[in-house]
file coords-v1.pdb (PDB, C-alpha atoms)
ATOM      1  CA  MET P   1     -10.313  -3.829 -22.729  1.00  0.00           C
ATOM      2  CA  PRO P   2     -11.464  -0.749 -20.789  1.00  0.00           C
ATOM      3  CA  LEU P   3      -8.931   1.987 -20.080  1.00  0.00           C
ATOM      4  CA  HIS P   4      -9.206   1.512 -16.311  1.00  0.00           C
ATOM      5  CA  ALA P   5      -7.858  -2.018 -16.806  1.00  0.00           C
ATOM      6  CA  LEU P   6      -4.733  -0.615 -18.518  1.00  0.00           C
ATOM      7  CA  PHE P   7      -3.814   2.352 -16.364  1.00  0.00           C
ATOM      8  CA  SER P   8      -3.236   2.494 -12.623  1.00  0.00           C
ATOM      9  CA  PRO P   9      -1.892   5.061 -10.172  1.00  0.00           C
ATOM     10  CA  ALA P  10       1.213   2.880  -9.749  1.00  0.00           C
ATOM     11  CA  LEU P  11       2.157   3.666 -13.355  1.00  0.00           C
ATOM     12  CA  SER P  12       0.892   7.249 -13.453  1.00  0.00           C
ATOM     13  CA  LEU P  13       3.601   9.881 -13.095  1.00  0.00           C
ATOM     14  CA  THR P  14       3.047  13.598 -12.560  1.00  0.00           C
ATOM     15  CA  ALA P  15       5.386  16.554 -13.114  1.00  0.00           C
ATOM     16  CA  VAL P  16       8.073  14.339 -14.665  1.00  0.00           C
ATOM     17  CA  ALA P  17      11.264  16.164 -15.613  1.00  0.00           C
ATOM     18  CA  ALA P  18      12.750  14.770 -18.827  1.00  0.00           C
ATOM     19  CA  SER P  19      15.369  16.439 -20.995  1.00  0.00           C
ATOM     20  CA  SER P  20      14.570  14.368 -24.103  1.00  0.00           C
ATOM     21  CA  GLN P  21      12.351  11.638 -25.524  1.00  0.00           C
ATOM     22  CA  LYS P  22      15.132   9.160 -24.897  1.00  0.00           C
ATOM     23  CA  ARG P  23      15.408  10.048 -21.202  1.00  0.00           C
ATOM     24  CA  LEU P  24      11.630   9.942 -20.857  1.00  0.00           C
ATOM     25  CA  PHE P  25      11.413   6.513 -22.502  1.00  0.00           C
ATOM     26  CA  GLU P  26      14.193   5.240 -20.203  1.00  0.00           C
ATOM     27  CA  THR P  27      12.325   6.498 -17.137  1.00  0.00           C
ATOM     28  CA  VAL P  28       9.055   4.916 -18.208  1.00  0.00           C
ATOM     29  CA  ALA P  29      10.700   1.624 -19.237  1.00  0.00           C
ATOM     30  CA  ARG P  30      12.382   1.327 -15.827  1.00  0.00           C
ATOM     31  CA  ARG P  31       9.144   2.136 -14.014  1.00  0.00           C
ATOM     32  CA  VAL P  32       7.073  -0.377 -16.006  1.00  0.00           C
ATOM     33  CA  ALA P  33       9.742  -3.082 -15.597  1.00  0.00           C
ATOM     34  CA  ALA P  34       9.729  -2.477 -11.838  1.00  0.00           C
ATOM     35  CA  GLU P  35       5.985  -3.209 -11.808  1.00  0.00           C
ATOM     36  CA  TYR P  36       6.218  -6.204 -14.173  1.00  0.00           C
ATOM     37  CA  SER P  37       9.225  -8.255 -13.129  1.00  0.00           C
ATOM     38  CA  MET P  38       9.008 -10.429 -16.256  1.00  0.00           C
ATOM     39  CA  LEU P  39       9.856  -7.405 -18.412  1.00  0.00           C
ATOM     40  CA  ASP P  40      13.337  -6.183 -19.176  1.00  0.00           C
ATOM     41  CA  ALA P  41      13.598  -2.381 -19.076  1.00  0.00           C
ATOM     42  CA  ASP P  42      16.191  -2.303 -21.881  1.00  0.00           C
ATOM     43  CA  ARG P  43      14.015  -4.391 -24.216  1.00  0.00           C
ATOM     44  CA  LEU P  44      11.002  -2.196 -23.481  1.00  0.00           C
ATOM     45  CA  PHE P  45      13.036   0.955 -24.071  1.00  0.00           C
ATOM     46  CA  ASP P  46      14.344  -0.454 -27.376  1.00  0.00           C
ATOM     47  CA  ALA P  47      10.816  -1.396 -28.500  1.00  0.00           C
ATOM     48  CA  LEU P  48       9.454   2.077 -27.693  1.00  0.00           C
ATOM     49  CA  ILE P  49      12.333   3.799 -29.504  1.00  0.00           C
ATOM     50  CA  ALA P  50      12.006   1.480 -32.523  1.00  0.00           C
ATOM     51  CA  ARG P  51       8.296   2.274 -32.822  1.00  0.00           C
ATOM     52  CA  GLU P  52       8.904   6.032 -32.492  1.00  0.00           C
ATOM     53  CA  ARG P  53      11.476   5.846 -35.313  1.00  0.00           C
ATOM     54  CA  LEU P  54       8.729   4.566 -37.613  1.00  0.00           C
ATOM     55  CA  GLY P  55       6.828   7.809 -37.109  1.00  0.00           C
ATOM     56  CA  SER P  56       5.825  10.205 -34.391  1.00  0.00           C
ATOM     57  CA  THR P  57       3.283   9.044 -31.836  1.00  0.00           C
ATOM     58  CA  GLY P  58       2.372  12.682 -31.170  1.00  0.00           C
ATOM     59  CA  LEU P  59      -1.367  13.084 -31.753  1.00  0.00           C
ATOM     60  CA  GLY P  60      -1.507  16.854 -31.471  1.00  0.00           C
ATOM     61  CA  ASP P  61      -2.870  19.151 -28.768  1.00  0.00           C
ATOM     62  CA  GLY P  62       0.178  18.351 -26.617  1.00  0.00           C
ATOM     63  CA  VAL P  63      -0.582  14.622 -26.428  1.00  0.00           C
ATOM     64  CA  ALA P  64       1.373  11.523 -27.511  1.00  0.00           C
ATOM     65  CA  VAL P  65       0.671   7.805 -27.301  1.00  0.00           C
ATOM     66  CA  PRO P  66       4.007   5.966 -27.482  1.00  0.00           C
ATOM     67  CA  HIS P  67       3.292   2.283 -27.920  1.00  0.00           C
ATOM     68  CA  CYS P  68       4.864  -1.041 -28.743  1.00  0.00           C
ATOM     69  CA  ARG P  69       4.363  -4.772 -28.782  1.00  0.00           C
ATOM     70  CA  LEU P  70       6.566  -6.774 -26.487  1.00  0.00           C
ATOM     71  CA  ALA P  71       7.154 -10.473 -25.940  1.00  0.00           C
ATOM     72  CA  GLY P  72       7.101 -11.621 -22.332  1.00  0.00           C
ATOM     73  CA  LEU P  73       4.248  -9.462 -21.103  1.00  0.00           C
ATOM     74  CA  GLU P  74       2.063 -11.759 -19.013  1.00  0.00           C
ATOM     75  CA  CYS P  75      -1.062  -9.645 -19.400  1.00  0.00           C
ATOM     76  CA  ALA P  76      -2.670  -8.644 -22.712  1.00  0.00           C
ATOM     77  CA  ALA P  77      -1.683  -5.008 -22.311  1.00  0.00           C
ATOM     78  CA  THR P  78      -0.633  -2.377 -19.819  1.00  0.00           C
ATOM     79  CA  GLY P  79      -0.025   1.313 -19.846  1.00  0.00           C
ATOM     80  CA  ALA P  80       1.676   4.219 -18.138  1.00  0.00           C
ATOM     81  CA  LEU P  81       0.433   7.798 -17.917  1.00  0.00           C
ATOM     82  CA  VAL P  82       2.896  10.654 -17.802  1.00  0.00           C
ATOM     83  CA  GLN P  83       2.416  14.357 -17.233  1.00  0.00           C
ATOM     84  CA  LEU P  84       5.603  16.273 -18.032  1.00  0.00           C
ATOM     85  CA  ALA P  85       6.852  19.247 -16.048  1.00  0.00           C
ATOM     86  CA  THR P  86       8.147  20.783 -19.280  1.00  0.00           C
ATOM     87  CA  PRO P  87       6.777  19.794 -22.717  1.00  0.00           C
ATOM     88  CA  LEU P  88       9.002  17.949 -25.194  1.00  0.00           C
ATOM     89  CA  ASP P  89       9.063  18.056 -28.979  1.00  0.00           C
ATOM     90  CA  PHE P  90       7.495  14.881 -30.418  1.00  0.00           C
ATOM     91  CA  ASP P  91       7.331  16.015 -34.029  1.00  0.00           C
ATOM     92  CA  ALA P  92       3.536  16.062 -33.850  1.00  0.00           C
ATOM     93  CA  ALA P  93       1.674  17.161 -36.958  1.00  0.00           C
ATOM     94  CA  ASP P  94       0.485  20.362 -35.237  1.00  0.00           C
ATOM     95  CA  ARG P  95       4.073  21.107 -34.110  1.00  0.00           C
ATOM     96  CA  ARG P  96       2.954  21.570 -30.490  1.00  0.00           C
ATOM     97  CA  PRO P  97       5.259  20.107 -27.851  1.00  0.00           C
ATOM     98  CA  VAL P  98       3.900  17.220 -25.797  1.00  0.00           C
ATOM     99  CA  ASP P  99       3.188  17.318 -22.073  1.00  0.00           C
ATOM    100  CA  ILE P 100       0.710  14.435 -21.707  1.00  0.00           C
ATOM    101  CA  LEU P 101       1.653  10.888 -22.693  1.00  0.00           C
ATOM    102  CA  ALA P 102      -0.219   7.616 -22.519  1.00  0.00           C
ATOM    103  CA  PHE P 103       2.217   4.749 -23.051  1.00  0.00           C
ATOM    104  CA  LEU P 104       0.683   1.509 -24.296  1.00  0.00           C
ATOM    105  CA  ILE P 105       2.534  -1.806 -24.100  1.00  0.00           C
ATOM    106  CA  VAL P 106       0.761  -4.750 -25.709  1.00  0.00           C
ATOM    107  CA  ALA P 107       1.739  -8.411 -25.541  1.00  0.00           C
ATOM    108  CA  GLU P 108       3.278  -9.554 -28.792  1.00  0.00           C
ATOM    109  CA  GLY P 109       0.954 -11.727 -30.827  1.00  0.00           C
ATOM    110  CA  ALA P 110       1.092 -12.574 -34.499  1.00  0.00           C
ATOM    111  CA  ASP P 111      -2.587 -13.298 -35.045  1.00  0.00           C
ATOM    112  CA  ALA P 112      -5.176 -10.933 -36.452  1.00  0.00           C
ATOM    113  CA  ALA P 113      -7.099 -10.750 -33.158  1.00  0.00           C
ATOM    114  CA  ALA P 114      -4.004  -9.461 -31.325  1.00  0.00           C
ATOM    115  CA  THR P 115      -3.390  -6.871 -34.026  1.00  0.00           C
ATOM    116  CA  GLN P 116      -7.013  -5.725 -33.948  1.00  0.00           C
ATOM    117  CA  GLY P 117      -6.946  -5.556 -30.149  1.00  0.00           C
ATOM    118  CA  HIS P 118      -3.870  -3.312 -30.270  1.00  0.00           C
ATOM    119  CA  LEU P 119      -5.531  -1.037 -32.838  1.00  0.00           C
ATOM    120  CA  ASP P 120      -8.757  -0.894 -30.803  1.00  0.00           C
ATOM    121  CA  LEU P 121      -6.837   0.172 -27.683  1.00  0.00           C
ATOM    122  CA  LEU P 122      -5.011   2.881 -29.632  1.00  0.00           C
ATOM    123  CA  ALA P 123      -8.311   4.142 -31.052  1.00  0.00           C
ATOM    124  CA  ALA P 124      -9.952   4.236 -27.607  1.00  0.00           C
ATOM    125  CA  LEU P 125      -6.989   6.148 -26.179  1.00  0.00           C
ATOM    126  CA  ALA P 126      -6.933   8.618 -29.068  1.00  0.00           C
ATOM    127  CA  ALA P 127     -10.664   9.239 -28.719  1.00  0.00           C
ATOM    128  CA  ARG P 128     -10.440   9.841 -24.967  1.00  0.00           C
ATOM    129  CA  LEU P 129      -7.353  12.048 -25.296  1.00  0.00           C
ATOM    130  CA  GLY P 130      -9.095  13.970 -28.070  1.00  0.00           C
ATOM    131  CA  GLU P 131     -11.550  15.386 -25.514  1.00  0.00           C
ATOM    132  CA  SER P 132     -10.454  18.852 -24.407  1.00  0.00           C
ATOM    133  CA  ARG P 133     -11.902  18.411 -20.906  1.00  0.00           C
ATOM    134  CA  VAL P 134      -9.896  15.209 -20.423  1.00  0.00           C
ATOM    135  CA  ARG P 135      -6.689  16.938 -21.521  1.00  0.00           C
ATOM    136  CA  ALA P 136      -7.406  19.832 -19.147  1.00  0.00           C
ATOM    137  CA  ALA P 137      -7.992  17.404 -16.259  1.00  0.00           C
ATOM    138  CA  LEU P 138      -4.767  15.540 -17.068  1.00  0.00           C
ATOM    139  CA  ARG P 139      -2.813  18.799 -17.047  1.00  0.00           C
ATOM    140  CA  ALA P 140      -4.405  19.880 -13.756  1.00  0.00           C
ATOM    141  CA  ALA P 141      -3.733  16.555 -11.986  1.00  0.00           C
ATOM    142  CA  ARG P 142      -1.323  16.829  -9.067  1.00  0.00           C
ATOM    143  CA  SER P 143      -1.159  13.162  -8.020  1.00  0.00           C
ATOM    144  CA  PRO P 144      -0.968   9.761  -9.699  1.00  0.00           C
ATOM    145  CA  VAL P 145      -4.520   8.970  -8.543  1.00  0.00           C
ATOM    146  CA  ALA P 146      -5.852  12.228 -10.022  1.00  0.00           C
ATOM    147  CA  LEU P 147      -3.947  11.644 -13.270  1.00  0.00           C
ATOM    148  CA  CYS P 148      -5.327   8.134 -13.640  1.00  0.00           C
ATOM    149  CA  SER P 149      -8.859   9.274 -12.759  1.00  0.00           C
ATOM    150  CA  ALA P 150      -8.647  12.088 -15.311  1.00  0.00           C
ATOM    151  CA  LEU P 151      -8.132   9.560 -18.105  1.00  0.00           C
ATOM    152  CA  CYS P 152     -10.145   6.590 -16.850  1.00  0.00           C
ATOM    153  CA  GLY P 153     -12.769   8.121 -14.589  1.00  0.00           C
ATOM    154  CA  PRO P 154     -13.035   7.763 -10.804  1.00  0.00           C
ATOM    155  CA  PRO P 155     -11.760   4.498  -9.279  1.00  0.00           C
TER     156      PRO P 155
END

call {"tool": "encode", "arguments": {"input": "coords-v1.pdb", "output": "structure tokens"}}
result
Amino acid sequence: MPLHALFSPALSLTAVAASSQKRLFETVARRVAAEYSMLDADRLFDALIARERLGSTGLGDGVAVPHCRLAGLECAATGALVQLATPLDFDAADRRPVDILAFLIVAEGADAAATQGHLDLLAALAARLGESRVRAALRAARSPVALCSALCGPP
């Protein structure tokens, strides 16, 4: 699945003020649930928090990819992009606080193809976010359209 199929301006948020990971995850869960009426914001929040407890999703260079699998998602996967106004600690290996986040929510599936698909999406995101020019463009974005284009390319 290409990144432009996962991320849209509707779920791209710039200059988000969040006092903690928990508050950020609540904000994103509510926003995603508003776009996908079949999703419950509390269940999404719980799934994101549960995954983060397993280990940090901070990749380094100020970037994190919080992700989870969730039953009830009618599409294979969706995502939300967030640019923070003030970086947050995500316990990344390089100890840098995070200001760019790409949330990935994948439909729950028990088969090997679903698991591989989830891993492939994470790898594609990590590779794209590993590019310094992409990170710079994400940090410079001043609108949801610009944020989404910075990660996925022009619409």

call {"tool": "atom_distance", "arguments": {"input": "coords-v1.pdb", "atom1": "atom CA of P:Ala123", "atom2": "atom CA of P:Val16"}}
result
25.3 Å

call {"tool": "atom_distance", "arguments": {"input": "coords-v1.pdb", "atom1": "atom CA of P:Gly60", "atom2": "atom CA of P:Asp94"}}
result
5.5 Å

call {"tool": "resolve_selection", "arguments": {"input": "coords-v1.pdb", "expression": "the PyMOL selection byres ((chain P and resi 2) around 10)", "output": "ChimeraX atom specification"}}
result
/P:1,3-7,121,124-125,152

call {"tool": "axis_aligned_box", "arguments": {"input": "coords-v1.pdb", "around": "stretch 81-100 of chain P", "padding_each_side": "6 Å", "output": "AutoDock Vina command-line options"}}
result
--center_x 4.7 --center_y 14.7 --center_z -26.5 --size_x 20.6 --size_y 25.8 --size_z 32.9

call {"tool": "atom_distance", "arguments": {"input": "coords-v1.pdb", "atom1": "atom CA of P:Leu88", "atom2": "atom CA of P:Arg30"}}
result
19.4 Å

call {"tool": "residues_around", "arguments": {"input": "coords-v1.pdb", "residues": "P:Ala92", "least_positions_apart": "6", "cutoff": "8 Å", "atoms": "all atoms listed in the file", "output": "PDB file with C-alpha atoms, in the coordinates of the input"}}
result
ATOM      1  CA  SER P  56       5.825  10.205 -34.391  1.00  0.00           C
ATOM      2  CA  THR P  57       3.283   9.044 -31.836  1.00  0.00           C
ATOM      3  CA  GLY P  58       2.372  12.682 -31.170  1.00  0.00           C
ATOM      4  CA  LEU P  59      -1.367  13.084 -31.753  1.00  0.00           C
ATOM      5  CA  GLY P  60      -1.507  16.854 -31.471  1.00  0.00           C
TER       6      GLY P  60
END

call {"tool": "resolve_selection", "arguments": {"input": "coords-v1.pdb", "expression": "the PyMOL selection byres ((chain P and resi 70) around 7)", "output": "list in words"}}
result
Cys68, Arg69, Ala71, Gly72, Leu73, Ile105, Val106, Ala107 and Glu108 of chain P

call {"tool": "residues_around", "arguments": {"input": "coords-v1.pdb", "residues": "P:Gly153", "least_positions_apart": "4", "cutoff": "10 Å", "atoms": "all atoms listed in the file", "output": "JSON, numbers by chain"}}
result
{"P": [3, 4, 134, 146, 147, 148, 149]}

call {"tool": "closest_residue", "arguments": {"input": "coords-v1.pdb", "among": "P:Arg142, P:Arg51, P:Arg43, P:Arg31", "to": "P:Leu11", "atoms": "only C-alpha atoms"}}
result
P:Arg31

call {"tool": "residues_around", "arguments": {"input": "coords-v1.pdb", "residues": "P:Thr27", "least_positions_apart": "3", "cutoff": "10 Å", "atoms": "all atoms listed in the file", "output": "PDB file with C-alpha atoms, in the frame of the given file"}}
result
ATOM      1  CA  VAL P  16       8.073  14.339 -14.665  1.00  0.00           C
ATOM      2  CA  ALA P  17      11.264  16.164 -15.613  1.00  0.00           C
ATOM      3  CA  ALA P  18      12.750  14.770 -18.827  1.00  0.00           C
ATOM      4  CA  GLN P  21      12.351  11.638 -25.524  1.00  0.00           C
ATOM      5  CA  LYS P  22      15.132   9.160 -24.897  1.00  0.00           C
ATOM      6  CA  ARG P  23      15.408  10.048 -21.202  1.00  0.00           C
ATOM      7  CA  LEU P  24      11.630   9.942 -20.857  1.00  0.00           C
ATOM      8  CA  ARG P  30      12.382   1.327 -15.827  1.00  0.00           C
ATOM      9  CA  ARG P  31       9.144   2.136 -14.014  1.00  0.00           C
ATOM     10  CA  VAL P  32       7.073  -0.377 -16.006  1.00  0.00           C
ATOM     11  CA  ALA P  41      13.598  -2.381 -19.076  1.00  0.00           C
ATOM     12  CA  PHE P  45      13.036   0.955 -24.071  1.00  0.00           C
TER      13      PHE P  45
END

call {"tool": "closest_residue", "arguments": {"input": "coords-v1.pdb", "among": "P:Leu122, P:Ala29, P:Ala64, P:Ala10", "to": "P:Arg95", "atoms": "all atoms listed in the file"}}
result
P:Ala64

call {"tool": "closest_residue", "arguments": {"input": "coords-v1.pdb", "among": "P:Cys75, P:Leu13, P:Leu48, P:Met38", "to": "P:Glu26", "atoms": "all atoms listed in the file"}}
result
P:Leu48

call {"tool": "closest_residue", "arguments": {"input": "coords-v1.pdb", "among": "P:Gly79, P:Pro87, P:Gly117, P:Pro97", "to": "P:Val65", "atoms": "all atoms listed in the file"}}
result
P:Gly79

call {"tool": "residues_around", "arguments": {"input": "coords-v1.pdb", "residues": "P:Leu138", "least_positions_apart": "4", "cutoff": "12 Å", "atoms": "all atoms listed in the file", "output": "PyMOL selection string"}}
result
chain P and resi 12-15+62-63+81-84+99-102+128-134+142-153

call {"tool": "closest_residue", "arguments": {"input": "coords-v1.pdb", "among": "P:Arg53, P:His67, P:Ala76, P:Glu35", "to": "P:Asp91", "atoms": "only C-alpha atoms"}}
result
P:Arg53

call {"tool": "closest_residue", "arguments": {"input": "coords-v1.pdb", "among": "P:Ile49, P:Pro66, P:Ala77, P:Ala136", "to": "P:Phe103", "atoms": "all atoms listed in the file"}}
result
P:Pro66
